[in-house]
Each structure stands twice: as C-alpha cells, then as structure tokens.
$ cat protein15.txt   # compact mmCIF, C-alpha atoms
# COMPACT_ATOMS: atom_id res chain seq x y z
CA MET A 193 -115.17 -110.55 -116.25
CA ASN A 194 -111.54 -110.01 -115.47
CA HIS A 195 -109.71 -107.09 -116.92
CA HIS A 196 -106.23 -108.09 -115.92
CA GLN A 197 -103.43 -107.79 -118.43
CA ALA A 198 -102.95 -111.29 -119.75
CA THR A 199 -99.40 -112.46 -120.25
CA ASP A 200 -98.27 -114.19 -123.40
CA GLU A 201 -98.24 -117.43 -121.42
CA ASP A 202 -101.92 -116.97 -120.45
CA LEU A 203 -102.86 -116.05 -123.99
CA LEU A 204 -101.03 -119.05 -125.41
CA GLN A 205 -102.86 -121.37 -123.02
CA GLY A 206 -106.09 -119.67 -124.10
CA ALA A 207 -105.15 -120.18 -127.74
CA TYR A 208 -104.53 -123.86 -127.07
CA ARG A 209 -107.87 -124.34 -125.29
CA TYR A 210 -109.74 -122.53 -128.02
CA ALA A 211 -107.90 -124.60 -130.63
CA MET A 212 -108.90 -127.70 -128.68
CA SER A 213 -112.52 -126.61 -128.94
CA LEU A 214 -112.13 -126.26 -132.68
CA SER A 215 -110.06 -129.27 -133.59
CA GLY A 216 -110.68 -131.58 -130.65
CA ARG A 217 -107.17 -132.99 -130.98
CA HIS A 218 -104.24 -132.20 -128.77
CA HIS A 219 -101.60 -132.22 -131.50
CA ASP A 220 -103.67 -130.14 -133.89
CA ALA A 221 -104.53 -127.69 -131.14
CA GLN A 222 -100.89 -127.39 -130.08
CA ASP A 223 -99.92 -126.84 -133.70
CA LEU A 224 -102.57 -124.14 -134.14
CA ALA A 225 -101.59 -122.37 -130.92
CA GLN A 226 -97.95 -122.47 -131.95
CA GLN A 227 -98.64 -121.13 -135.42
CA ALA A 228 -100.79 -118.35 -133.99
CA ALA A 229 -98.03 -117.45 -131.53
CA PHE A 230 -95.44 -117.39 -134.32
CA LYS A 231 -97.65 -115.25 -136.49
CA LEU A 232 -98.62 -112.72 -133.83
CA ILE A 233 -95.23 -112.44 -132.13
CA ARG A 234 -93.53 -112.05 -135.48
CA ARG A 235 -95.88 -109.23 -136.34
CA TYR A 236 -96.51 -107.50 -133.02
CA GLY A 237 -93.78 -108.78 -130.72
CA SER A 238 -96.40 -110.27 -128.38
CA LEU A 239 -99.74 -112.09 -128.52
CA LYS A 240 -101.48 -108.72 -127.96
CA ASN A 241 -104.94 -109.74 -126.73
CA ARG A 242 -107.33 -112.65 -126.46
CA SER A 243 -109.62 -111.48 -129.22
CA LEU A 244 -106.76 -111.26 -131.73
CA VAL A 245 -105.41 -114.61 -130.61
CA PHE A 246 -108.81 -116.26 -131.13
CA LYS A 247 -109.26 -114.68 -134.55
CA THR A 248 -105.81 -115.86 -135.59
CA VAL A 249 -106.36 -119.39 -134.32
CA ARG A 250 -109.73 -119.54 -136.03
CA ASN A 251 -108.37 -118.31 -139.35
CA LEU A 252 -105.51 -120.78 -139.17
CA TYR A 253 -107.93 -123.58 -138.37
CA ILE A 254 -110.22 -122.64 -141.24
CA ASP A 255 -107.29 -122.32 -143.64
CA LYS A 256 -105.41 -125.39 -142.65
CA TYR A 257 -108.09 -127.89 -141.85
CA ARG A 258 -111.24 -126.78 -143.55
CA ARG A 259 -109.96 -125.61 -146.91
CA THR A 260 -106.97 -127.82 -147.48
CA LYS A 261 -107.82 -130.84 -145.39
CA GLY A 262 -111.59 -130.65 -145.38
CA LYS A 263 -111.94 -134.25 -144.40
CA GLU A 264 -110.54 -133.55 -140.97
CA VAL A 265 -113.37 -131.24 -139.97
CA VAL A 266 -116.34 -133.10 -141.35
CA PRO A 267 -118.95 -132.50 -138.65
CA LEU A 268 -119.00 -135.47 -136.36
CA HIS A 269 -122.73 -136.03 -136.26
CA ASP A 270 -122.19 -139.68 -136.86
CA ALA A 271 -121.71 -141.40 -133.55
CA GLU A 272 -119.66 -144.15 -135.06
CA LEU A 273 -117.26 -141.67 -136.59
CA GLY A 274 -117.16 -139.84 -133.28
CA ASN A 275 -116.13 -143.02 -131.54
CA LEU A 276 -113.45 -143.68 -134.09
CA LEU A 277 -111.95 -140.26 -133.63
CA ALA A 278 -112.03 -140.71 -129.84
CA PHE A 279 -111.93 -137.05 -128.95
CA GLU A 280 -108.77 -136.46 -126.97
CA SER A 281 -109.03 -134.98 -123.56
CA GLY A 282 -105.37 -134.38 -122.87
CA PRO A 283 -103.06 -135.64 -120.19
CA ASP A 284 -105.49 -135.28 -117.31
CA GLN A 285 -108.39 -137.02 -118.92
CA GLY A 286 -110.03 -137.88 -115.60
CA ASP A 287 -113.66 -138.85 -115.60
CA LYS A 288 -114.79 -136.57 -118.41
CA LEU A 289 -114.90 -139.11 -121.18
CA ASP A 290 -118.66 -138.80 -121.48
CA LEU A 291 -118.51 -135.11 -122.20
CA ALA A 292 -115.47 -135.62 -124.42
CA HIS A 293 -117.47 -138.11 -126.41
CA VAL A 294 -120.42 -135.76 -126.64
CA LEU A 295 -118.16 -132.95 -127.80
CA SER A 296 -116.76 -135.22 -130.48
CA LEU A 297 -120.27 -135.63 -131.81
CA LEU A 298 -120.71 -131.89 -132.22
CA ASP A 299 -119.28 -130.03 -135.15
CA PHE A 300 -116.47 -127.59 -134.55
CA GLU A 301 -118.71 -124.54 -134.71
CA GLU A 302 -120.94 -126.00 -131.99
CA ARG A 303 -117.98 -126.86 -129.77
CA GLU A 304 -116.59 -123.39 -130.40
CA LEU A 305 -119.86 -121.77 -129.32
CA LEU A 306 -119.99 -123.76 -126.10
CA TYR A 307 -116.34 -122.97 -125.39
CA LEU A 308 -116.61 -119.25 -126.03
CA HIS A 309 -119.80 -118.93 -124.04
CA TYR A 310 -119.21 -121.22 -121.09
CA VAL A 311 -115.46 -121.11 -120.69
CA GLU A 312 -114.48 -117.69 -121.98
CA GLY A 313 -117.70 -116.06 -120.83
CA TYR A 314 -118.39 -114.32 -124.11
CA THR A 315 -121.90 -112.93 -124.62
CA ALA A 316 -123.83 -113.77 -127.78
CA ALA A 317 -123.04 -110.31 -129.10
CA GLU A 318 -119.32 -110.77 -128.48
CA ILE A 319 -119.35 -114.17 -130.12
CA GLY A 320 -121.24 -112.63 -133.01
CA THR A 321 -118.53 -110.01 -133.40
CA LEU A 322 -115.77 -112.61 -133.33
CA LEU A 323 -117.51 -114.92 -135.78
CA LYS A 324 -119.00 -112.11 -137.88
CA THR A 325 -122.50 -113.39 -137.28
CA SER A 326 -125.55 -111.67 -135.84
CA ARG A 327 -126.31 -111.92 -132.14
CA ASN A 328 -129.67 -113.55 -132.83
CA THR A 329 -128.10 -116.22 -134.98
CA ILE A 330 -125.60 -116.94 -132.21
CA LEU A 331 -128.38 -117.12 -129.64
CA SER A 332 -130.40 -119.62 -131.63
CA ARG A 333 -127.35 -121.71 -132.49
CA LEU A 334 -126.28 -121.68 -128.86
CA SER A 335 -129.73 -122.79 -127.78
CA ARG A 336 -129.76 -125.62 -130.33
CA THR A 337 -126.27 -126.71 -129.39
CA ARG A 338 -127.07 -126.73 -125.67
CA LYS A 339 -130.15 -128.79 -126.34
CA LYS A 340 -128.21 -131.20 -128.48
CA ALA A 341 -125.44 -131.56 -125.91
CA ARG A 342 -127.97 -132.18 -123.14
CA VAL A 343 -129.75 -134.79 -125.18
CA LEU A 344 -126.48 -136.52 -125.87
CA LEU A 345 -125.51 -136.30 -122.22
CA SER A 346 -129.02 -137.40 -121.28
CA GLU A 347 -129.30 -134.40 -118.99
CA PRO A 348 -132.54 -132.63 -118.14
CA GLU A 349 -133.13 -129.19 -119.68
CA HIS A 350 -131.74 -126.41 -117.57
CA ASP A 351 -133.05 -122.87 -117.41
CA GLN A 352 -133.24 -121.97 -121.10
CA ASN A 353 -132.72 -118.28 -120.57
CA HIS A 354 -129.81 -118.73 -118.24
CA SER A 355 -127.08 -117.62 -120.57
CA GLN A 356 -128.85 -115.77 -123.32
CA GLN A 357 -128.17 -112.33 -121.94
CA HIS A 358 -125.71 -112.99 -119.17
CA PRO A 359 -122.72 -115.16 -119.92
CA PRO A 360 -121.39 -117.49 -117.27
CA GLN A 361 -118.63 -116.24 -115.06
CA SER A 362 -115.35 -116.81 -116.78
CA ARG A 363 -111.93 -117.17 -115.25
CA GLN A 364 -110.39 -115.77 -118.43
CA GLY A 365 -110.44 -112.09 -119.13
CA HIS A 366 -110.93 -111.36 -122.82
CA HIS A 367 -110.71 -107.64 -122.81
CA ASP A 368 -106.95 -107.60 -122.57
CA MET U 181 -128.34 -122.10 -109.75
CA THR U 182 -125.46 -123.43 -111.77
CA ASP U 183 -126.02 -125.15 -115.08
CA PRO U 184 -124.45 -128.64 -114.86
CA LEU U 185 -123.65 -128.55 -118.57
CA GLU U 186 -121.80 -125.28 -118.11
CA ASP U 187 -119.81 -126.75 -115.21
CA LYS U 188 -118.92 -129.84 -117.18
CA ILE U 189 -117.82 -127.89 -120.23
CA ARG U 190 -115.82 -125.39 -118.21
CA THR U 191 -114.11 -128.10 -116.21
CA HIS U 192 -113.42 -130.08 -119.35
CA PHE U 193 -111.67 -127.24 -121.13
CA GLU U 194 -109.97 -125.78 -118.08
CA ARG U 195 -108.19 -129.07 -117.63
CA LYS U 196 -106.66 -128.68 -121.04
CA THR U 197 -103.36 -126.91 -120.70
CA LEU U 198 -100.07 -127.04 -122.47
CA PRO U 199 -97.14 -128.00 -120.23
CA GLN U 200 -95.27 -124.91 -119.01
CA GLU U 201 -92.09 -126.09 -120.74
CA LYS U 202 -93.96 -126.31 -124.04
CA VAL U 203 -95.43 -122.83 -123.59
CA ALA U 204 -91.99 -121.44 -122.80
CA SER U 205 -90.44 -123.21 -125.77
CA ILE U 206 -93.12 -121.97 -128.21
CA LEU U 207 -92.75 -118.39 -127.01
CA ARG U 208 -88.96 -118.60 -127.10
CA GLU U 209 -89.02 -119.96 -130.65
CA ALA U 210 -91.55 -117.34 -131.74
CA ARG U 211 -89.36 -114.55 -130.38
CA GLN U 212 -86.30 -116.01 -132.08
CA LEU U 213 -88.24 -116.14 -135.34
CA ARG U 214 -89.21 -112.51 -134.89
CA ARG U 215 -85.59 -111.53 -134.44
CA LEU U 216 -84.63 -113.58 -137.49
CA SER U 217 -87.47 -112.08 -139.46
CA ARG U 218 -86.33 -108.57 -138.51
CA TRP U 219 -82.83 -109.38 -139.69
CA ARG U 220 -84.24 -110.72 -142.93
CA THR U 221 -86.34 -107.61 -143.36
CA ALA U 222 -83.35 -105.39 -142.65
CA THR U 223 -81.26 -107.38 -145.12
CA ALA U 224 -84.01 -107.19 -147.74
CA VAL U 225 -84.35 -103.44 -147.22
CA PHE U 226 -80.58 -103.04 -147.47
CA ALA U 227 -80.51 -105.15 -150.65
CA SER U 228 -83.36 -103.11 -152.12
CA VAL U 229 -81.56 -99.87 -151.32
CA LEU U 230 -78.43 -101.29 -152.91
CA VAL U 231 -80.33 -102.32 -156.04
CA LEU U 232 -82.01 -98.91 -156.24
CA ALA U 233 -78.67 -97.17 -155.76
CA SER U 234 -77.15 -99.32 -158.51
CA LEU U 235 -80.07 -98.52 -160.79
CA GLY U 236 -79.69 -94.83 -159.98
CA LEU U 237 -75.99 -95.01 -160.71
CA ALA U 238 -76.64 -96.85 -163.97
CA LEU U 239 -79.21 -94.23 -164.90
CA TRP U 240 -76.83 -91.44 -164.02
CA TRP U 241 -74.12 -93.13 -166.06
CA GLY U 242 -76.50 -93.51 -168.97
CA VAL U 243 -77.42 -89.84 -168.77
CA HIS U 244 -73.84 -88.69 -168.45
CA ARG U 245 -72.33 -90.94 -171.12
CA PRO U 246 -73.51 -88.76 -174.00
CA ALA U 247 -72.06 -85.81 -172.11
CA ALA U 248 -68.61 -87.30 -172.56
CA GLY U 249 -69.40 -87.49 -176.28
CA SER U 250 -70.65 -83.92 -176.14
CA GLU U 251 -67.34 -82.74 -174.74
CA LEU U 252 -65.54 -84.40 -177.64
CA THR U 253 -68.02 -82.88 -180.06
CA ALA U 254 -67.47 -79.41 -178.64
CA GLN U 255 -63.72 -79.90 -178.74
CA MET U 256 -63.75 -81.05 -182.38
CA MET U 257 -66.20 -78.36 -183.49
CA ALA U 258 -63.96 -75.72 -181.92
CA SER U 259 -60.91 -77.26 -183.58
CA HIS U 260 -62.73 -77.36 -186.93
CA LYS U 261 -63.82 -73.71 -186.67
CA ALA U 262 -60.46 -72.46 -185.42
CA HIS U 263 -58.48 -74.07 -188.19
CA VAL U 264 -57.15 -71.84 -190.94
CA PRO U 265 -57.29 -74.04 -194.06
CA SER U 266 -53.84 -73.11 -195.24
CA GLU U 267 -52.03 -73.99 -192.02
CA PHE U 268 -51.10 -77.60 -192.09
CA ASP U 269 -48.46 -79.60 -190.31
CA ILE U 270 -48.42 -81.96 -193.25
CA PRO U 271 -49.59 -80.55 -196.56
CA THR U 272 -50.36 -83.70 -198.49
CA GLU U 273 -53.23 -85.20 -200.41
CA LYS U 274 -52.50 -88.90 -199.82
CA PHE U 275 -53.41 -91.08 -196.86
CA VAL U 276 -50.29 -93.14 -197.35
CA ALA U 277 -48.04 -90.06 -197.26
CA LEU U 278 -49.79 -88.84 -194.15
CA GLN U 279 -49.24 -92.16 -192.47
CA GLN U 280 -45.52 -91.90 -193.09
CA GLN U 281 -45.13 -88.27 -192.09
CA MET U 282 -47.28 -88.03 -188.97
CA ASP U 283 -44.78 -89.90 -186.88
CA LYS U 284 -46.06 -88.56 -183.55
CA LEU U 285 -49.07 -90.83 -183.91
CA ASP U 286 -48.82 -94.36 -182.59
CA PHE U 287 -51.75 -95.62 -184.63
CA ASP U 288 -52.63 -96.21 -188.24
CA ILE U 289 -54.71 -93.40 -189.75
CA LEU U 290 -55.74 -95.25 -192.88
CA PRO U 291 -59.45 -96.13 -192.73
CA SER U 292 -59.91 -99.89 -193.09
CA GLU U 293 -62.79 -99.46 -195.53
CA ALA U 294 -61.84 -98.44 -199.03
CA ALA U 295 -65.14 -96.57 -199.37
CA LEU U 296 -64.05 -94.21 -196.64
CA ARG U 297 -60.66 -93.72 -198.19
CA GLU U 298 -62.43 -92.84 -201.43
CA ARG U 299 -64.93 -90.53 -199.78
CA PHE U 300 -62.61 -87.60 -199.14
CA ASP U 301 -60.03 -85.53 -200.96
CA ILE U 302 -57.37 -84.62 -198.44
CA GLN U 303 -55.95 -81.12 -198.45
CA GLY U 304 -53.62 -81.39 -195.53
CA ALA U 305 -53.29 -82.62 -191.94
CA ARG U 306 -52.33 -81.30 -188.56
CA TYR U 307 -51.90 -82.62 -185.09
CA CYS U 308 -54.67 -81.92 -182.63
CA LYS U 309 -56.19 -83.29 -179.47
CA VAL U 310 -59.24 -85.46 -179.19
CA GLY U 311 -60.06 -85.80 -175.53
CA SER U 312 -56.63 -85.71 -173.98
CA GLN U 313 -54.99 -87.72 -176.73
CA VAL U 314 -52.79 -86.64 -179.56
CA ALA U 315 -54.81 -87.09 -182.73
CA CYS U 316 -54.80 -85.98 -186.27
CA ALA U 317 -57.19 -83.66 -188.07
CA LEU U 318 -57.45 -83.97 -191.81
CA THR U 319 -58.83 -81.05 -193.73
CA VAL U 320 -60.95 -82.65 -196.43
CA ARG U 321 -63.52 -82.10 -199.09
CA GLU U 322 -66.15 -84.71 -199.81
CA ARG U 323 -65.73 -86.00 -203.30
CA SER U 324 -69.46 -86.38 -203.89
CA ASN U 325 -70.41 -82.75 -203.12
CA ASN U 326 -67.13 -80.92 -202.57
CA LYS U 327 -68.29 -80.01 -199.06
CA PRO U 328 -65.36 -78.96 -196.80
CA GLY U 329 -64.86 -80.57 -193.45
CA THR U 330 -62.43 -82.01 -190.98
CA VAL U 331 -61.85 -85.68 -190.27
CA PHE U 332 -60.50 -86.37 -186.79
CA ILE U 333 -58.69 -89.63 -186.14
CA ALA U 334 -57.65 -90.76 -182.67
CA ARG U 335 -56.81 -93.96 -180.91
CA ASN U 336 -59.79 -95.27 -178.98
CA SER U 337 -59.47 -94.57 -175.28
CA GLU U 338 -61.93 -95.25 -172.49
CA ALA U 339 -63.28 -91.71 -172.70
CA ILE U 340 -63.46 -91.71 -176.48
CA GLN U 341 -65.23 -95.06 -176.60
CA GLN U 342 -68.13 -93.46 -174.76
CA ALA U 343 -68.88 -91.43 -177.89
CA GLN U 344 -71.45 -93.62 -179.57
CA PRO U 345 -71.46 -93.88 -183.37
CA THR U 346 -73.85 -91.16 -184.41
CA ASN U 347 -74.89 -88.77 -187.14
CA ALA U 348 -76.18 -85.45 -185.87
CA THR U 349 -76.17 -81.72 -186.37
CA SER U 350 -75.20 -79.08 -183.88
CA GLN U 351 -74.41 -75.35 -184.06
CA GLY U 352 -74.56 -75.29 -187.85
CA LEU U 353 -72.24 -78.27 -188.16
CA GLN U 354 -72.81 -81.82 -189.21
CA LEU U 355 -71.19 -84.46 -187.05
CA GLU U 356 -70.50 -88.06 -187.81
CA TYR U 357 -68.70 -90.44 -185.44
CA TRP U 358 -67.67 -93.98 -185.98
CA HIS U 359 -65.20 -96.47 -184.58
CA ASP U 360 -62.85 -98.40 -186.81
CA ASN U 361 -61.19 -101.22 -184.89
CA ASP U 362 -59.09 -99.49 -182.25
CA ARG U 363 -59.55 -96.04 -183.75
CA PHE U 364 -62.07 -93.30 -183.49
CA PHE U 365 -63.10 -91.33 -186.57
CA ALA U 366 -65.21 -88.18 -186.64
CA TRP U 367 -66.20 -86.03 -189.56
CA VAL U 368 -67.24 -82.44 -188.91
CA GLY U 369 -68.52 -80.22 -191.71
CA GLU U 370 -70.66 -77.15 -192.32
CA ILE U 371 -74.34 -77.88 -192.89
CA ASN U 372 -74.70 -75.04 -195.34
CA SER U 373 -71.33 -74.34 -196.75
CA ASP U 374 -70.84 -72.19 -199.83
CA LEU U 375 -68.42 -74.87 -201.00
$ encode --input "protein15.txt" --output "structure tokens"
Amino acid sequence: MNHHQATDEDLLQGAYRYAMSLSGRHHDAQDLAQQAAFKLIRRYGSLKNRSLVFKTVRNLYIDKYRRTKGKEVVPLHDAELGNLLAFESGPDQGDKLDLAHVLSLLDFEERELLYLHYVEGYTAAEIGTLLKTSRNTILSRLSRTRKKARVLLSEPEHDQNHSQQHPPQSRQGHHD
Amino acid sequence: MTDPLEDKIRTHFERKTLPQEKVASILREARQLRRLSRWRTATAVFASVLVLASLGLALWWGVHRPAAGSELTAQMMASHKAHVPSEFDIPTEKFVALQQQMDKLDFDILPSEAALRERFDIQGARYCKVGSQVACALTVRERSNNKPGTVFIARNSEAIQQAQPTNATSQGLQLEYWHDNDRFFAWVGEINSDL
C-alpha cells in the first residue's frame, strides 16, 4: 500500500472512480466527484484524504440518488434492466463490455465492495470501517459478490481465500 | 497467482478517469467557491456584529433615556424645594393673566384641557429652567385637597421629549409629567404635606 501524499488531482480522480463504482454512470459520477470536491474544498481548503473523499461521495450518492431519486439505484438484478441501462464504461471503453455488463447487473453496494477491495486495496476491516459494517459481514458479502460476478462472467472459481485477509495490491494509497 | 476477476475489475476502473482539463476546472471552481464562501462568511459575521452593535446601542439608549428624564426630575425637584412661596415674578391667580405677563415665553402656558385648568389654584409664577430652556413654574394648590405644589411648563425640546409621561414618587415628592401638544407639563408636590 502506498503512503504517498495524494494531491487533490489524484483524490478527485479517486472520487470519480469510486463514484463510478456506485452510480455506474459517467455523468452522475462526475457530478458526485464535483460536489464532493466543492464540499470538501469549501470546508477544508483541500480534499484532505481518500477516506474522507470516499465518505463524502458515498453520503452524497445516498442522499441524492437513493433518498430523493430512489428509482435510479434500484439494484440491477434484472438482466433486461441492466441491458437497458447499458452501464457506461467511459471514453476508453475498449474490450471490457462484458465486465461492464456484469457490473451493471450488480447492485451499487456490490460494485462498491469489488471496487474498494480490488482497486483501492482495502481490507474487509477497512471497508467495514468505511461502511460502518462488521468485518465478517463485509467478508461474506464480498464472497457472495465475487461468486455472483464469476457466475455472470462464466469464470471458474478462483482461490476463495485469496483476498479475505490480504487485499490485492492497489496502485492507490488510501492512508493519505 | 493473480485472480482474473481482480485483474478485470482493476483494469476496468483504472481506465475510468476524468480528463485533466475537467479535473483542473472542478478544482479551480471549488477553490473559487471557497473564496466566495469566505467572503460571504466574513460579510455575514460583519453584518451580525453590526446588528449586535445596533441592538447594544438601542439597549443603551433605552437604559439612558429615563436618565434624561431623571435629570429633569432632579432639576424640577430642586427648583420646587428652593422656591420661597412669596417670591414670584408674576403674582397672579389667573392663567390668562399669566399668559399676558410672562412675555419671555414663546409658548402658550394655558393647558388645552379645561380639567387641568380647573385642577389648580394659582398663587403666582416665576421664570425657571427646564433642561436648558426658559420655562415657567407656577406655584399652585390642588383644588381637590389643597395640596401645594409647583407646575412646570416648558416648550417640548428633544431632551424634554425623552421624559415619558409618568406618575411617580421620589425623595418625598410626587411627580407627574405629561405632554400637551408642543408643551411639557410637570407637577411636583409634597407626598405628605401639612397643607
């Protein structure tokens, strides 16, 4: 895990990616990242650290999309609905449409778990702290989500214990 | 051994970036908003201080207004006590005669209400000061109880107008103020006089 001092630019990119994991839509994610930046910079003069940025983005997402526009975050278990929403993968879409589609079939909490664990390298305990949930709950949800994603991707099961205690190597430091 | 799912997910999200120009523009706007917000806060604080200062001033004014009345009261009580009943500038018993003879006054001394004119028997009048103004002091007795007293009449000025109409007692004297159009009237008499 990196311990470098993240710049506001790095943190804003992190906020955008995390928002993408929550909302799955470029414009919504950009909007969330922007609002979080406005809120934090107005208050602290900078984005401070990754953990605060994630909390802010999450709260904004919950407030804006779950409470007031609940329809927009209805879990996308329904494949047909998932297809309709056509999860955006940004400007460099490349050959990842399959995964994008699979992610669109997960609900935002599942996508968030996968993002925090695989991309940010958070441990179950750290995710639990961020989401105010116990480590064991995170572990079981992570396991279920992985299984679900693999099934949807038609991938064979990988080592089940791989990431339960040791998170994958992340390029993003989150102890800024 | 690397988990293929992990690789796919990481690659998927790592490809998602905001254009540098967008990042720069968001941060620039956020910093501008912070500056604006600080100005607003400073303005709000300044406005609050101003409002509090105004309230403080109003409170101070409210507290000190009666003091202006108190100064008049003290002045009239002293004038009442110092007066020797036989020493009058105008020894007369009629309001109308007083009006004609007290030519240093630029205001009418006749009370507009007949009841007030009927309330007192006048023994005489003298010039005096109420506040910094030339006024008249009538030495009177109340017809109803024969109680002696002094009626002060002055033209209303800014300072005199601060004396609110009141009925009070102080230092063994009864005080009664009222305003009659552009004039100020005050009656000062002993609480327990031997008549």
$ interface_residues --input "protein15.txt" --of "chain A" --to "chain U" --cutoff "6 Å" --atoms "all atoms listed in the file" --output "PyMOL selection string"
chain A and resi 230+234+310-311
$ atom_distance --input "protein15.txt" --atom1 "atom CA of Trp358 of chain U" --atom2 "atom CA of Ala343 of chain U"
8.6 Å
$ atom_distance --input "protein15.txt" --atom1 "atom CA of Ser296 of chain A" --atom2 "atom CA of Thr325 of chain A"
23.6 Å
$ atom_distance --input "protein15.txt" --atom1 "atom CA of Lys247 of chain A" --atom2 "atom CA of His309 of chain A"
15.5 Å
$ residues_around --input "protein15.txt" --residues "segment 300-309 of chain U" --least-positions-apart "6" --cutoff "8 Å" --atoms "all atoms listed in the file" --output "tab-separated table (two decimals) with C-alpha atoms, keeping the file's coordinate frame"
chain	number	residue	atom	x	y	z
U	259	SER	CA	-60.91	-77.26	-183.58
U	268	PHE	CA	-51.10	-77.60	-192.09
U	269	ASP	CA	-48.46	-79.60	-190.31
U	270	ILE	CA	-48.42	-81.96	-193.25
U	271	PRO	CA	-49.59	-80.55	-196.56
U	272	THR	CA	-50.36	-83.70	-198.49
U	273	GLU	CA	-53.23	-85.20	-200.41
U	274	LYS	CA	-52.50	-88.90	-199.82
U	275	PHE	CA	-53.41	-91.08	-196.86
U	278	LEU	CA	-49.79	-88.84	-194.15
U	315	ALA	CA	-54.81	-87.09	-182.73
U	316	CYS	CA	-54.80	-85.98	-186.27
U	317	ALA	CA	-57.19	-83.66	-188.07
U	318	LEU	CA	-57.45	-83.97	-191.81
U	319	THR	CA	-58.83	-81.05	-193.73
U	320	VAL	CA	-60.95	-82.65	-196.43
U	321	ARG	CA	-63.52	-82.10	-199.09
U	322	GLU	CA	-66.15	-84.71	-199.81
U	323	ARG	CA	-65.73	-86.00	-203.30
$ residues_around --input "protein15.txt" --residues "Ser350 of chain U" --least-positions-apart "2" --cutoff "12 Å" --atoms "all atoms listed in the file" --output "PyMOL selection string"
chain U and resi 250+253-254+256-258+347-348+352-356+368-371
$ closest_residue --input "protein15.txt" --among "U:Asn361, U:Val225, U:Trp367, U:Thr346" --to "Lys327 of chain U" --atoms "only C-alpha atoms"
U:Trp367
$ residues_around --input "protein15.txt" --residues "segment 237-244 of chain A" --least-positions-apart "6" --cutoff "10 Å" --atoms "only C-alpha atoms" --output "PyMOL selection string"
(chain A and resi 197-204+206-207+228-231+250+312+318+321-322+364-368) or (chain U and resi 207+210-211+214-215)
$ decode --input "protein15.txt" --residues "segment 189-205 of chain U" --atoms "N, CA and C atoms" --output "PDB file, in the first residue's frame"
ATOM      1  N   ILE U 189     -11.498  -6.294 -12.950  1.00  0.00           N
ATOM      2  CA  ILE U 189     -12.135  -5.183 -12.225  1.00  0.00           C
ATOM      3  C   ILE U 189     -11.175  -4.006 -12.098  1.00  0.00           C
ATOM      4  N   ARG U 190      -9.944  -4.306 -11.738  1.00  0.00           N
ATOM      5  CA  ARG U 190      -8.957  -3.236 -11.567  1.00  0.00           C
ATOM      6  C   ARG U 190      -8.746  -2.494 -12.892  1.00  0.00           C
ATOM      7  N   THR U 191      -8.571  -3.272 -13.950  1.00  0.00           N
ATOM      8  CA  THR U 191      -8.343  -2.641 -15.250  1.00  0.00           C
ATOM      9  C   THR U 191      -9.550  -1.795 -15.643  1.00  0.00           C
ATOM     10  N   HIS U 192     -10.733  -2.364 -15.400  1.00  0.00           N
ATOM     11  CA  HIS U 192     -11.961  -1.661 -15.761  1.00  0.00           C
ATOM     12  C   HIS U 192     -12.028  -0.280 -15.100  1.00  0.00           C
ATOM     13  N   PHE U 193     -11.782  -0.264 -13.795  1.00  0.00           N
ATOM     14  CA  PHE U 193     -11.932   1.011 -13.079  1.00  0.00           C
ATOM     15  C   PHE U 193     -10.738   1.936 -13.298  1.00  0.00           C
ATOM     16  N   GLU U 194      -9.571   1.352 -13.474  1.00  0.00           N
ATOM     17  CA  GLU U 194      -8.398   2.212 -13.675  1.00  0.00           C
ATOM     18  C   GLU U 194      -8.456   2.949 -15.004  1.00  0.00           C
ATOM     19  N   ARG U 195      -9.243   2.419 -15.909  1.00  0.00           N
ATOM     20  CA  ARG U 195      -9.404   3.115 -17.193  1.00  0.00           C
ATOM     21  C   ARG U 195     -10.323   4.334 -17.057  1.00  0.00           C
ATOM     22  N   LYS U 196     -11.046   4.360 -15.963  1.00  0.00           N
ATOM     23  CA  LYS U 196     -12.011   5.453 -15.809  1.00  0.00           C
ATOM     24  C   LYS U 196     -11.321   6.652 -15.178  1.00  0.00           C
ATOM     25  N   THR U 197     -11.126   7.654 -15.958  1.00  0.00           N
ATOM     26  CA  THR U 197     -10.501   8.871 -15.426  1.00  0.00           C
ATOM     27  C   THR U 197     -11.238  10.077 -15.992  1.00  0.00           C
ATOM     28  N   LEU U 198     -11.214  11.116 -15.224  1.00  0.00           N
ATOM     29  CA  LEU U 198     -11.745  12.382 -15.724  1.00  0.00           C
ATOM     30  C   LEU U 198     -10.645  13.050 -16.538  1.00  0.00           C
ATOM     31  N   PRO U 199     -10.977  13.714 -17.624  1.00  0.00           N
ATOM     32  CA  PRO U 199      -9.946  14.440 -18.375  1.00  0.00           C
ATOM     33  C   PRO U 199      -9.255  15.462 -17.468  1.00  0.00           C
ATOM     34  N   GLN U 200      -7.969  15.656 -17.678  1.00  0.00           N
ATOM     35  CA  GLN U 200      -7.189  16.572 -16.831  1.00  0.00           C
ATOM     36  C   GLN U 200      -7.799  17.973 -16.784  1.00  0.00           C
ATOM     37  N   GLU U 201      -8.317  18.402 -17.967  1.00  0.00           N
ATOM     38  CA  GLU U 201      -8.908  19.752 -18.009  1.00  0.00           C
ATOM     39  C   GLU U 201     -10.122  19.826 -17.081  1.00  0.00           C
ATOM     40  N   LYS U 202     -10.890  18.733 -17.058  1.00  0.00           N
ATOM     41  CA  LYS U 202     -12.089  18.702 -16.210  1.00  0.00           C
ATOM     42  C   LYS U 202     -11.686  18.738 -14.731  1.00  0.00           C
ATOM     43  N   VAL U 203     -10.661  17.951 -14.397  1.00  0.00           N
ATOM     44  CA  VAL U 203     -10.168  17.927 -13.012  1.00  0.00           C
ATOM     45  C   VAL U 203      -9.726  19.331 -12.612  1.00  0.00           C
ATOM     46  N   ALA U 204      -8.944  19.948 -13.498  1.00  0.00           N
ATOM     47  CA  ALA U 204      -8.434  21.299 -13.186  1.00  0.00           C
ATOM     48  C   ALA U 204      -9.587  22.278 -13.035  1.00  0.00           C
ATOM     49  N   SER U 205     -10.594  22.148 -13.903  1.00  0.00           N
ATOM     50  CA  SER U 205     -11.711  23.095 -13.847  1.00  0.00           C
ATOM     51  C   SER U 205     -12.550  22.891 -12.576  1.00  0.00           C
TER      52      SER U 205
END
